[in-house]
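Accompanying notes for the structure given below.
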Number of protein chains: 2
Amino acid sequence: MPRWDPEGESRLREAALQLFLERGYENVTVAEITERAGLTRRTFSRYFADKRDVLFAGSDELPAVIGDRIRTADAALAPMEAVLAALDAVAERLADQAAIAARRQAVVRASPELQERALTKFAVATDAAADALRSRGVPASTATLLAQVAIAIFRTAFERWLNAPAEVSLRDRVRESAAELSSSFGSQPS
Amino acid sequence: MPRWDPEGESRLREAALQLFLERGYENVTVAEITERAGLTRRTFSRYFADKRDVLFAGSDELPAVIGDRIRTADAALAPMEAVLAALDAVAERLADQAAIAARRQAVVRASPELQERALTKFAVATDAAADALRSRGVPASTATLLAQVAIAIFRTAFERWLNAPAEVSLRDRVRESAAELSSSFGSQPS
DNA sequence: GCCGTGATGTCTCAATGTGACATCACGCTA
DNA sequence: TAGCGTGATGTCACATTGAGACATCACGGC
C-alpha cells in the first residue's frame with residue numbers, strides 16, 4: 001500500500017485520541033490529526049461527520065444490540081425486566097473494553113463539547129430501547145420513560161465499573177444499580 | 001436610545017425564533033438573525049456563546065430552582081421524595097409557559113443540533129439535582145442515578161403536558177409519570 | 001495490459017467564533 | 001454647560017470547520 005495504508009480510519013482515530021490526551025480536545029485541530037495520520041483534512045471529513053465524531057466511532061452498534069435484546073426477550077417478561085436483560089447483553093459486550101473506555105472517558109470528561117456529543121450517543125441508545133419497548137406493546141411515552149431510566153441505570157453502572165473494573169463485573173454493577181433504584185421507589189416513608 | 005434599543009438580547013432571541021420557524025435552524029445564518037434584529041454578528045456573540053444558545057437562554061434558572069428545593073425539602077423525606085417535590089416546584093414555574101415552550105420545541109424537534117444542546121440543558125439540571133442530593137447525604141453515584149431518573153420523569157411529564165396543556169396540569173403529569181415508573185418496578189412477575 | 005472503481009488529494013468557499021480596536025450615547029461631575 | 005468615563009455596539013481581521021467540485025492515483029477484474 002504505497003499511497004495509503006488500508007487503515008486510514010483507525011489511524012485517524014488513534015492519532016486523534018493521542019493528540020486529545022496530549023493537549024486537550026480544544027487545542028487540537030483537525031489538520032493536526034490528519035497530519036499525524038498522514039492524511040488530509042478533507043479525508044477526515046469523509047470518515048467522520050465532524051471533529052467530535054472521531055472519538056465516538058464504533059459506539060453505533062450498541063443501540064442495535066439493546067433494541068434486539070428487548071425485542072427478542074421472553075414475551076412474559078415485564079417491560080422493565082426485558083430492558084434489564086438487554087443491559088446485561090450490552091454489559092457482556094463491553095466486558096473487555098475497560099482500558100479503552102477509561103482512556104476515552106478521560107478525554108470526554110475534560111471537554112464540554114465532547115460531553116455534549118456523548119449525551120447524544122446515550123440518546124440514540126435510549127431511542128432504540130424505546131422503539132423496541134413500543135414493539136412489545138408498551139405505550140409510547142411510557143416506553144421513552146423506561147428507556148431513559150434504563151440508560152440512567154447503565155450509565156451509573158458503567159461509571160462504577162470503570163472506577164474498579166477488577167472488583168465487580170459490569171453486569172453485576174447493572175443489577176446493583178437497578179436494585180438501588182428499585183428500593184428508592186419501594187421504601188417511601190412519609 | 002437612538003443608536004440601539006435596550007432590548008438587544010430579546011430582539012435577537014425573537015428574530016432567531018422567527019427565522020428558525022420560517023426556514024429551519026440549519027438554513028438560518030447568524031448574520032441573518034442579527035440583520036433582522038438590527039444588530040451585528042459580533043454583537044450576537046456577546047450575548048450568546050454560539051448560535052444554538054439563542055434558543056435556550058433563560059433556561060439557566062431551572063437547575064438552581066431544582067437544587068434549592070431539594071436542599072430545603074423536609075429532612076425527613078426520602079431522597080426520591082425530595083426530588084419529586086422539587087419537580088413540583090419547577091412544574092409550577094412553567095405552568096404558564098405552554099405556548100412558548102411548544103413553539104420552541106417545534107424548532108428543536110426539527111434539528112439534531114438543537115436536540116443535542118437540549119440534552120446538555122437537561123444534563124445541567126441533572127447535575128444540579130445530583131449535587132443537592134449529595135448535600136442531603138446521598139452517596140455520589142446514587143445521587144446521579146436518582147437525578148437522572150428525576151429528569152427522565154420530568155421530561156416525560158413535560159411532553160405529555162405539551163400534548164394537552166388544558167387537560168392535565170404539568171404538576172399532575174409529573175406525579176402520573178412518577179407513579180408509572182414506580183409501578184414498573186413494583187410489579188415484577190416470575 | 002487496460003480500465004473502472006474507489007480512496008485520497010487539491011482547491012475553493014460559506015459560516016462560525018473570537019481577538020483587538022474604534023465609535024457612539026449616556027450619566028456623572030465640576 | 002462642557003468634559004469625561006463607561007458600557008454597548010460596530011469594524012476589521014483571523015483561524016477553524018465543514019462541504020462541493022474536480023483531479024489523481026492504486027488496486028482488482030477482464
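Identifiers in the C-alpha cells: chain A, B, ... in order shown; residue index from 1 per chain; ligand index from 1 in order shown.
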Output as a PDB file with N, CA, C and O atoms, in the first residue's frame the set of chain B residues within 9 Å of chain A, with distances taken over only C-alpha atoms.
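Result file follows (iface.pdb):
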ATOM      1  N   ALA B  76     -36.893  14.857  56.582  1.00  0.00           N
ATOM      2  CA  ALA B  76     -37.408  13.506  56.822  1.00  0.00           C
ATOM      3  C   ALA B  76     -37.767  12.796  55.520  1.00  0.00           C
ATOM      4  O   ALA B  76     -37.980  11.580  55.516  1.00  0.00           O
ATOM      5  N   LEU B  77     -37.838  13.547  54.432  1.00  0.00           N
ATOM      6  CA  LEU B  77     -38.244  12.941  53.168  1.00  0.00           C
ATOM      7  C   LEU B  77     -37.145  12.038  52.625  1.00  0.00           C
ATOM      8  O   LEU B  77     -35.951  12.346  52.737  1.00  0.00           O
ATOM      9  N   ALA B  78     -37.566  10.932  52.063  1.00  0.00           N
ATOM     10  CA  ALA B  78     -36.607  10.085  51.355  1.00  0.00           C
ATOM     11  C   ALA B  78     -36.086  10.855  50.141  1.00  0.00           C
ATOM     12  O   ALA B  78     -36.748  11.765  49.652  1.00  0.00           O
ATOM     13  N   PRO B  79     -34.890  10.501  49.678  1.00  0.00           N
ATOM     14  CA  PRO B  79     -34.287  11.229  48.551  1.00  0.00           C
ATOM     15  C   PRO B  79     -35.234  11.380  47.370  1.00  0.00           C
ATOM     16  O   PRO B  79     -35.420  12.479  46.849  1.00  0.00           O
ATOM     17  N   MET B  80     -35.839  10.282  46.966  1.00  0.00           N
ATOM     18  CA  MET B  80     -36.715  10.364  45.801  1.00  0.00           C
ATOM     19  C   MET B  80     -37.893  11.278  46.051  1.00  0.00           C
ATOM     20  O   MET B  80     -38.350  11.984  45.151  1.00  0.00           O
ATOM     21  N   GLU B  81     -38.385  11.284  47.286  1.00  0.00           N
ATOM     22  CA  GLU B  81     -39.491  12.169  47.620  1.00  0.00           C
ATOM     23  C   GLU B  81     -39.080  13.633  47.518  1.00  0.00           C
ATOM     24  O   GLU B  81     -39.835  14.477  47.024  1.00  0.00           O
ATOM     25  N   GLN B 115     -31.326  19.504  19.322  1.00  0.00           N
ATOM     26  CA  GLN B 115     -31.636  18.437  20.271  1.00  0.00           C
ATOM     27  C   GLN B 115     -30.422  18.150  21.148  1.00  0.00           C
ATOM     28  O   GLN B 115     -30.535  17.894  22.345  1.00  0.00           O
ATOM     29  N   GLU B 116     -29.268  18.187  20.511  1.00  0.00           N
ATOM     30  CA  GLU B 116     -28.050  17.933  21.270  1.00  0.00           C
ATOM     31  C   GLU B 116     -27.872  18.976  22.376  1.00  0.00           C
ATOM     32  O   GLU B 116     -27.543  18.652  23.510  1.00  0.00           O
ATOM     33  N   ARG B 117     -28.115  20.202  22.031  1.00  0.00           N
ATOM     34  CA  ARG B 117     -27.974  21.246  23.037  1.00  0.00           C
ATOM     35  C   ARG B 117     -29.032  21.106  24.126  1.00  0.00           C
ATOM     36  O   ARG B 117     -28.765  21.343  25.315  1.00  0.00           O
ATOM     37  N   LEU B 119     -30.210  18.402  25.239  1.00  0.00           N
ATOM     38  CA  LEU B 119     -29.738  17.360  26.152  1.00  0.00           C
ATOM     39  C   LEU B 119     -28.751  17.931  27.166  1.00  0.00           C
ATOM     40  O   LEU B 119     -28.754  17.548  28.335  1.00  0.00           O
ATOM     41  N   THR B 120     -27.907  18.824  26.704  1.00  0.00           N
ATOM     42  CA  THR B 120     -26.964  19.447  27.626  1.00  0.00           C
ATOM     43  C   THR B 120     -27.691  20.228  28.707  1.00  0.00           C
ATOM     44  O   THR B 120     -27.286  20.207  29.878  1.00  0.00           O
ATOM     45  N   ALA B 123     -28.842  17.951  31.165  1.00  0.00           N
ATOM     46  CA  ALA B 123     -27.714  17.453  31.948  1.00  0.00           C
ATOM     47  C   ALA B 123     -27.329  18.447  33.045  1.00  0.00           C
ATOM     48  O   ALA B 123     -26.952  18.047  34.149  1.00  0.00           O
ATOM     49  N   SER B 141     -22.751   8.416  43.524  1.00  0.00           N
ATOM     50  CA  SER B 141     -23.260   7.832  42.289  1.00  0.00           C
ATOM     51  C   SER B 141     -24.748   7.527  42.397  1.00  0.00           C
ATOM     52  O   SER B 141     -25.467   7.553  41.406  1.00  0.00           O
ATOM     53  N   THR B 142     -25.210   7.267  43.609  1.00  0.00           N
ATOM     54  CA  THR B 142     -26.653   7.105  43.799  1.00  0.00           C
ATOM     55  C   THR B 142     -27.371   8.419  43.511  1.00  0.00           C
ATOM     56  O   THR B 142     -28.445   8.431  42.887  1.00  0.00           O
ATOM     57  N   THR B 144     -26.446  10.737  41.445  1.00  0.00           N
ATOM     58  CA  THR B 144     -26.502  10.925  39.995  1.00  0.00           C
ATOM     59  C   THR B 144     -27.597  10.078  39.375  1.00  0.00           C
ATOM     60  O   THR B 144     -28.345  10.534  38.505  1.00  0.00           O
ATOM     61  N   LEU B 145     -27.686   8.861  39.829  1.00  0.00           N
ATOM     62  CA  LEU B 145     -28.725   7.977  39.297  1.00  0.00           C
ATOM     63  C   LEU B 145     -30.116   8.532  39.560  1.00  0.00           C
ATOM     64  O   LEU B 145     -30.950   8.642  38.651  1.00  0.00           O
ATOM     65  N   LEU B 146     -30.372   8.892  40.796  1.00  0.00           N
ATOM     66  CA  LEU B 146     -31.702   9.419  41.125  1.00  0.00           C
ATOM     67  C   LEU B 146     -31.977  10.710  40.370  1.00  0.00           C
ATOM     68  O   LEU B 146     -33.104  10.955  39.912  1.00  0.00           O
ATOM     69  N   GLN B 148     -30.822  11.578  37.419  1.00  0.00           N
ATOM     70  CA  GLN B 148     -31.133  11.247  36.030  1.00  0.00           C
ATOM     71  C   GLN B 148     -32.558  10.736  35.903  1.00  0.00           C
ATOM     72  O   GLN B 148     -33.285  11.082  34.965  1.00  0.00           O
ATOM     73  N   VAL B 149     -32.956   9.910  36.840  1.00  0.00           N
ATOM     74  CA  VAL B 149     -34.316   9.372  36.793  1.00  0.00           C
ATOM     75  C   VAL B 149     -35.331  10.492  36.982  1.00  0.00           C
ATOM     76  O   VAL B 149     -36.366  10.530  36.309  1.00  0.00           O
ATOM     77  N   ALA B 152     -35.704  12.307  33.841  1.00  0.00           N
ATOM     78  CA  ALA B 152     -36.453  11.478  32.892  1.00  0.00           C
ATOM     79  C   ALA B 152     -37.948  11.571  33.172  1.00  0.00           C
ATOM     80  O   ALA B 152     -38.766  11.702  32.253  1.00  0.00           O
ATOM     81  N   ILE B 153     -38.303  11.525  34.442  1.00  0.00           N
ATOM     82  CA  ILE B 153     -39.712  11.665  34.809  1.00  0.00           C
ATOM     83  C   ILE B 153     -40.249  13.013  34.337  1.00  0.00           C
ATOM     84  O   ILE B 153     -41.319  13.109  33.739  1.00  0.00           O
ATOM     85  N   ARG B 155     -39.111  15.000  31.976  1.00  0.00           N
ATOM     86  CA  ARG B 155     -39.191  15.113  30.519  1.00  0.00           C
ATOM     87  C   ARG B 155     -40.444  14.424  30.003  1.00  0.00           C
ATOM     88  O   ARG B 155     -41.143  14.941  29.128  1.00  0.00           O
ATOM     89  N   THR B 156     -40.715  13.259  30.528  1.00  0.00           N
ATOM     90  CA  THR B 156     -41.918  12.545  30.110  1.00  0.00           C
ATOM     91  C   THR B 156     -43.167  13.352  30.447  1.00  0.00           C
ATOM     92  O   THR B 156     -44.061  13.528  29.607  1.00  0.00           O
ATOM     93  N   ALA B 157     -43.187  13.857  31.653  1.00  0.00           N
ATOM     94  CA  ALA B 157     -44.338  14.644  32.080  1.00  0.00           C
ATOM     95  C   ALA B 157     -44.496  15.881  31.207  1.00  0.00           C
ATOM     96  O   ALA B 157     -45.609  16.228  30.788  1.00  0.00           O
ATOM     97  N   GLU B 159     -43.549  16.409  28.145  1.00  0.00           N
ATOM     98  CA  GLU B 159     -44.015  16.090  26.802  1.00  0.00           C
ATOM     99  C   GLU B 159     -45.516  15.790  26.798  1.00  0.00           C
ATOM    100  O   GLU B 159     -46.244  16.255  25.929  1.00  0.00           O
ATOM    101  N   ARG B 160     -45.942  15.016  27.772  1.00  0.00           N
ATOM    102  CA  ARG B 160     -47.376  14.713  27.840  1.00  0.00           C
ATOM    103  C   ARG B 160     -48.184  15.970  28.055  1.00  0.00           C
ATOM    104  O   ARG B 160     -49.258  16.149  27.471  1.00  0.00           O
ATOM    105  N   SER B 177     -46.337  10.364  35.902  1.00  0.00           N
ATOM    106  CA  SER B 177     -45.160   9.682  35.355  1.00  0.00           C
ATOM    107  C   SER B 177     -44.380   8.978  36.451  1.00  0.00           C
ATOM    108  O   SER B 177     -43.897   7.851  36.270  1.00  0.00           O
ATOM    109  N   GLU B 180     -46.138   5.859  37.431  1.00  0.00           N
ATOM    110  CA  GLU B 180     -45.998   4.855  36.380  1.00  0.00           C
ATOM    111  C   GLU B 180     -44.656   4.140  36.491  1.00  0.00           C
ATOM    112  O   GLU B 180     -44.578   2.908  36.397  1.00  0.00           O
ATOM    113  N   LEU B 181     -43.633   4.922  36.696  1.00  0.00           N
ATOM    114  CA  LEU B 181     -42.308   4.321  36.826  1.00  0.00           C
ATOM    115  C   LEU B 181     -42.226   3.456  38.073  1.00  0.00           C
ATOM    116  O   LEU B 181     -41.687   2.339  38.053  1.00  0.00           O
ATOM    117  N   SER B 182     -42.786   3.973  39.151  1.00  0.00           N
ATOM    118  CA  SER B 182     -42.773   3.219  40.400  1.00  0.00           C
ATOM    119  C   SER B 182     -43.425   1.857  40.228  1.00  0.00           C
ATOM    120  O   SER B 182     -42.917   0.825  40.693  1.00  0.00           O
ATOM    121  N   SER B 183     -44.544   1.841  39.528  1.00  0.00           N
ATOM    122  CA  SER B 183     -45.246   0.565  39.362  1.00  0.00           C
ATOM    123  C   SER B 183     -44.486  -0.353  38.416  1.00  0.00           C
ATOM    124  O   SER B 183     -44.621  -1.571  38.480  1.00  0.00           O
ATOM    125  N   SER B 184     -43.657   0.213  37.554  1.00  0.00           N
ATOM    126  CA  SER B 184     -42.840  -0.628  36.675  1.00  0.00           C
ATOM    127  C   SER B 184     -41.813  -1.405  37.484  1.00  0.00           C
ATOM    128  O   SER B 184     -41.364  -2.475  37.069  1.00  0.00           O
ATOM    129  N   PHE B 185     -41.446  -0.859  38.607  1.00  0.00           N
ATOM    130  CA  PHE B 185     -40.526  -1.578  39.476  1.00  0.00           C
ATOM    131  C   PHE B 185     -41.271  -2.515  40.414  1.00  0.00           C
ATOM    132  O   PHE B 185     -40.761  -3.566  40.791  1.00  0.00           O
ATOM    133  N   GLY B 186     -42.469  -2.102  40.784  1.00  0.00           N
ATOM    134  CA  GLY B 186     -43.195  -2.874  41.774  1.00  0.00           C
ATOM    135  C   GLY B 186     -43.688  -4.216  41.271  1.00  0.00           C
ATOM    136  O   GLY B 186     -43.497  -5.240  41.930  1.00  0.00           O
ATOM    137  N   SER B 187     -44.276  -4.223  40.081  1.00  0.00           N
ATOM    138  CA  SER B 187     -44.916  -5.464  39.624  1.00  0.00           C
ATOM    139  C   SER B 187     -43.953  -6.255  38.751  1.00  0.00           C
ATOM    140  O   SER B 187     -43.889  -6.075  37.551  1.00  0.00           O
ATOM    141  N   GLN B 188     -43.194  -7.093  39.381  1.00  0.00           N
ATOM    142  CA  GLN B 188     -42.248  -7.910  38.626  1.00  0.00           C
ATOM    143  C   GLN B 188     -42.628  -9.380  38.713  1.00  0.00           C
ATOM    144  O   GLN B 188     -42.322 -10.045  39.705  1.00  0.00           O
ATOM    145  N   PRO B 189     -43.262  -9.921  37.669  1.00  0.00           N
ATOM    146  CA  PRO B 189     -43.657 -11.332  37.666  1.00  0.00           C
ATOM    147  C   PRO B 189     -42.444 -12.237  37.622  1.00  0.00           C
ATOM    148  O   PRO B 189     -41.326 -11.776  37.427  1.00  0.00           O
ATOM    149  N   SER B 190     -42.679 -13.490  37.783  1.00  0.00           N
ATOM    150  CA  SER B 190     -41.689 -14.582  37.717  1.00  0.00           C
ATOM    151  C   SER B 190     -41.023 -14.795  39.053  1.00  0.00           C
ATOM    152  O   SER B 190     -40.475 -13.934  39.638  1.00  0.00           O
TER     153      SER B 190
END
Shell of 12 Å around C:DA30, only C-alpha atoms (C1' of nucleotides), local chain residues under 4 positions omitted, as a ChimeraX atom specification: /D:1-4
Would you save the residues of that selection, restricted to N, CA and C atoms (P, O5', C5', C4', C3', O3' and C1' of nucleotides), as a compact mmCIF listing (two decimals), in the first residue's frame?
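That gives us selection-v1.txt:
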# COMPACT_ATOMS: atom_id res chain seq x y z
P DT D 1 -26.58 75.15 28.54
O5' DT D 1 -25.23 75.66 27.95
C5' DT D 1 -24.39 76.34 28.94
C4' DT D 1 -23.12 75.55 29.12
C3' DT D 1 -22.90 74.46 28.07
O3' DT D 1 -21.60 74.54 27.57
C1' DT D 1 -22.60 73.58 30.23
P DA D 2 -21.27 74.07 26.13
O5' DA D 2 -19.78 73.54 26.35
C5' DA D 2 -18.92 74.24 27.24
C4' DA D 2 -18.03 73.24 27.96
C3' DA D 2 -17.51 72.13 27.06
O3' DA D 2 -16.10 72.04 27.18
C1' DA D 2 -18.55 71.21 28.97
P DG D 3 -15.30 71.12 26.25
O5' DG D 3 -14.93 69.95 27.26
C5' DG D 3 -14.44 70.28 28.55
C4' DG D 3 -14.38 69.03 29.41
C3' DG D 3 -13.82 67.80 28.68
O3' DG D 3 -12.80 67.23 29.46
C1' DG D 3 -15.89 67.28 29.70
P DC D 4 -11.90 66.12 28.88
O5' DC D 4 -12.29 64.88 29.78
C5' DC D 4 -12.85 65.09 31.09
C4' DC D 4 -13.35 63.78 31.65
C3' DC D 4 -12.77 62.54 30.95
O3' DC D 4 -12.50 61.55 31.90
C1' DC D 4 -15.14 62.51 30.78
Could the residues of chain D that have an atom at most 12 Å from chain B be listed as JSON lines, each with its closest atom pair and the distance in Å to one decimal, counting only C-alpha atoms (C1' of nucleotides) and ordered by chain and ascending residue number?
{"residue": "D:DA8", "atom": "C1'", "partner": "B:Trp4", "partner_atom": "CA", "distance": 8.5}
{"residue": "D:DT9", "atom": "C1'", "partner": "B:Thr43", "partner_atom": "CA", "distance": 6.9}
{"residue": "D:DG10", "atom": "C1'", "partner": "B:Thr40", "partner_atom": "CA", "distance": 7.3}
{"residue": "D:DT11", "atom": "C1'", "partner": "B:Arg42", "partner_atom": "CA", "distance": 9.4}
{"residue": "D:DC12", "atom": "C1'", "partner": "B:Arg42", "partner_atom": "CA", "distance": 11.1}
Atomic separation - atom CA of B:Asp60 relative to atom CA of B:Val28, Å: 24.2 Å
Option closest in space to chain C, from B:Ala37, B:Ala86, B:Ile100, B:Val30 [counting only C-alpha atoms (C1' of nucleotides)]: B:Val30
Every residue of chain A that DSSP places in helix (DSSP H, G or I), as a ChimeraX atom specification: /A:8-23,25-27,30-37,41-47,53-56,62-72,79-94,98-109,112-135,140-163,170-186
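Among B:Asn27, B:Ser10, B:Ser169, B:Ser45, the residue with the shortest atom-to-atom distance to chain C, counting only C-alpha atoms (C1' of nucleotides), is B:Ser45.
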Non-local contacts of C:DC13 (12 Å; only C-alpha atoms (C1' of nucleotides); under 6 positions in same chain excluded) as a ChimeraX atom specification: /D:17-21
Mind dumping the selected residues with all heavy atoms as an mmCIF file, in the first residue's frame?
data_model
loop_
_atom_site.group_PDB
_atom_site.id
_atom_site.type_symbol
_atom_site.label_atom_id
_atom_site.label_comp_id
_atom_site.auth_asym_id
_atom_site.auth_seq_id
_atom_site.Cartn_x
_atom_site.Cartn_y
_atom_site.Cartn_z
ATOM 1 P P DT D 17 -10.346 22.620 13.409
ATOM 2 O OP1 DT D 17 -10.265 21.784 14.598
ATOM 3 O OP2 DT D 17 -9.394 22.423 12.281
ATOM 4 O "O5'" DT D 17 -11.819 22.528 12.809
ATOM 5 C "C5'" DT D 17 -12.888 23.160 13.497
ATOM 6 C "C4'" DT D 17 -14.089 23.299 12.586
ATOM 7 O "O4'" DT D 17 -13.824 24.330 11.605
ATOM 8 C "C3'" DT D 17 -14.451 22.038 11.798
ATOM 9 O "O3'" DT D 17 -15.731 21.617 12.195
ATOM 10 C "C2'" DT D 17 -14.412 22.481 10.329
ATOM 11 C "C1'" DT D 17 -14.524 23.993 10.431
ATOM 12 N N1 DT D 17 -13.889 24.748 9.323
ATOM 13 C C2 DT D 17 -14.683 25.480 8.478
ATOM 14 O O2 DT D 17 -15.892 25.534 8.580
ATOM 15 N N3 DT D 17 -14.002 26.163 7.489
ATOM 16 C C4 DT D 17 -12.630 26.175 7.278
ATOM 17 O O4 DT D 17 -12.138 26.825 6.356
ATOM 18 C C5 DT D 17 -11.862 25.375 8.199
ATOM 19 C C7 DT D 17 -10.370 25.319 8.065
ATOM 20 C C6 DT D 17 -12.515 24.716 9.168
ATOM 21 P P DG D 18 -16.162 20.090 12.022
ATOM 22 O OP1 DG D 18 -17.113 19.792 13.102
ATOM 23 O OP2 DG D 18 -14.955 19.261 11.855
ATOM 24 O "O5'" DG D 18 -16.959 20.101 10.645
ATOM 25 C "C5'" DG D 18 -18.141 20.862 10.564
ATOM 26 C "C4'" DG D 18 -18.560 21.061 9.121
ATOM 27 O "O4'" DG D 18 -17.634 21.958 8.454
ATOM 28 C "C3'" DG D 18 -18.613 19.793 8.261
ATOM 29 O "O3'" DG D 18 -19.894 19.713 7.668
ATOM 30 C "C2'" DG D 18 -17.498 19.989 7.236
ATOM 31 C "C1'" DG D 18 -17.448 21.506 7.129
ATOM 32 N N9 DG D 18 -16.183 22.056 6.662
ATOM 33 C C8 DG D 18 -14.922 21.740 7.122
ATOM 34 N N7 DG D 18 -13.978 22.402 6.517
ATOM 35 C C5 DG D 18 -14.642 23.200 5.606
ATOM 36 C C6 DG D 18 -14.140 24.129 4.677
ATOM 37 O O6 DG D 18 -12.964 24.450 4.463
ATOM 38 N N1 DG D 18 -15.156 24.727 3.935
ATOM 39 C C2 DG D 18 -16.500 24.452 4.093
ATOM 40 N N2 DG D 18 -17.352 25.119 3.306
ATOM 41 N N3 DG D 18 -16.984 23.579 4.965
ATOM 42 C C4 DG D 18 -15.999 22.996 5.682
ATOM 43 P P DA D 19 -20.313 18.470 6.768
ATOM 44 O OP1 DA D 19 -21.751 18.224 7.014
ATOM 45 O OP2 DA D 19 -19.325 17.389 6.939
ATOM 46 O "O5'" DA D 19 -20.162 19.059 5.295
ATOM 47 C "C5'" DA D 19 -20.862 20.247 4.964
ATOM 48 C "C4'" DA D 19 -20.520 20.663 3.546
ATOM 49 O "O4'" DA D 19 -19.188 21.218 3.525
ATOM 50 C "C3'" DA D 19 -20.521 19.512 2.534
ATOM 51 O "O3'" DA D 19 -21.319 19.875 1.424
ATOM 52 C "C2'" DA D 19 -19.061 19.354 2.142
ATOM 53 C "C1'" DA D 19 -18.525 20.755 2.373
ATOM 54 N N9 DA D 19 -17.100 20.773 2.658
ATOM 55 C C8 DA D 19 -16.412 20.006 3.551
ATOM 56 N N7 DA D 19 -15.125 20.252 3.582
ATOM 57 C C5 DA D 19 -14.953 21.246 2.630
ATOM 58 C C6 DA D 19 -13.823 21.945 2.177
ATOM 59 N N6 DA D 19 -12.607 21.726 2.647
ATOM 60 N N1 DA D 19 -14.007 22.882 1.220
ATOM 61 C C2 DA D 19 -15.245 23.092 0.752
ATOM 62 N N3 DA D 19 -16.377 22.502 1.104
ATOM 63 C C4 DA D 19 -16.166 21.574 2.055
ATOM 64 P P DG D 20 -21.769 18.739 0.388
ATOM 65 O OP1 DG D 20 -23.243 18.657 0.429
ATOM 66 O OP2 DG D 20 -20.949 17.537 0.578
ATOM 67 O "O5'" DG D 20 -21.352 19.394 -1.009
ATOM 68 C "C5'" DG D 20 -21.734 20.735 -1.292
ATOM 69 C "C4'" DG D 20 -20.977 21.257 -2.500
ATOM 70 O "O4'" DG D 20 -19.604 21.526 -2.127
ATOM 71 C "C3'" DG D 20 -20.932 20.289 -3.675
ATOM 72 O "O3'" DG D 20 -21.172 21.004 -4.884
ATOM 73 C "C2'" DG D 20 -19.511 19.716 -3.617
ATOM 74 C "C1'" DG D 20 -18.724 20.880 -3.028
ATOM 75 N N9 DG D 20 -17.546 20.484 -2.263
ATOM 76 C C8 DG D 20 -17.505 19.588 -1.228
ATOM 77 N N7 DG D 20 -16.308 19.440 -0.720
ATOM 78 C C5 DG D 20 -15.506 20.292 -1.472
ATOM 79 C C6 DG D 20 -14.118 20.560 -1.386
ATOM 80 O O6 DG D 20 -13.297 20.086 -0.610
ATOM 81 N N1 DG D 20 -13.714 21.497 -2.345
ATOM 82 C C2 DG D 20 -14.545 22.091 -3.262
ATOM 83 N N2 DG D 20 -13.982 22.965 -4.108
ATOM 84 N N3 DG D 20 -15.848 21.844 -3.341
ATOM 85 C C4 DG D 20 -16.258 20.939 -2.419
ATOM 86 P P DA D 21 -21.425 20.189 -6.240
ATOM 87 O OP1 DA D 21 -22.451 20.939 -7.008
ATOM 88 O OP2 DA D 21 -21.609 18.758 -5.934
ATOM 89 O "O5'" DA D 21 -20.010 20.360 -6.987
ATOM 90 C "C5'" DA D 21 -19.384 21.636 -7.008
ATOM 91 C "C4'" DA D 21 -18.085 21.544 -7.791
ATOM 92 O "O4'" DA D 21 -17.001 21.233 -6.886
ATOM 93 C "C3'" DA D 21 -18.083 20.443 -8.863
ATOM 94 O "O3'" DA D 21 -17.456 20.933 -10.035
ATOM 95 C "C2'" DA D 21 -17.290 19.314 -8.210
ATOM 96 C "C1'" DA D 21 -16.298 20.091 -7.339
ATOM 97 N N9 DA D 21 -15.840 19.350 -6.163
ATOM 98 C C8 DA D 21 -16.590 18.532 -5.357
ATOM 99 N N7 DA D 21 -15.900 18.003 -4.368
ATOM 100 C C5 DA D 21 -14.622 18.505 -4.538
ATOM 101 C C6 DA D 21 -13.425 18.325 -3.819
ATOM 102 N N6 DA D 21 -13.330 17.554 -2.738
ATOM 103 N N1 DA D 21 -12.326 18.984 -4.251
ATOM 104 C C2 DA D 21 -12.426 19.757 -5.343
ATOM 105 N N3 DA D 21 -13.495 20.007 -6.099
ATOM 106 C C4 DA D 21 -14.569 19.344 -5.638
#
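Going from atom CA of A:Arg46 to atom CA of A:Ser59 covers 17.9 Å.
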Neighbours of chain B in chain C at 12 Å, counting only C-alpha atoms (C1' of nucleotides), as a list in words: DA14, DA15, DT16, DG17, DT18, DG19, DT23, DC24, DA25 and DC26 of chain C
Near-B:Tyr25 list (10 Å; only C-alpha atoms (C1' of nucleotides); drop same-chain fewer than 3 positions) as a PyMOL selection string: chain B and resi 16-17+19-22+28-29+51-52+107-108+110-114
Separation of atom CA of B:Ile70 from atom CA of B:Ala57 in Å: 23.5 Å
Near-C:DT5 list (12 Å; only C-alpha atoms (C1' of nucleotides); drop same-chain fewer than 3 positions) as a VMD selection string: chain D and resid 25 to 29
Spatial neighbours of B:Ala164, max dist 12 Å, only C-alpha atoms (C1' of nucleotides), sep filter under 6 positions, as a ChimeraX atom specification: /B:98-99,102,157-158,170,173
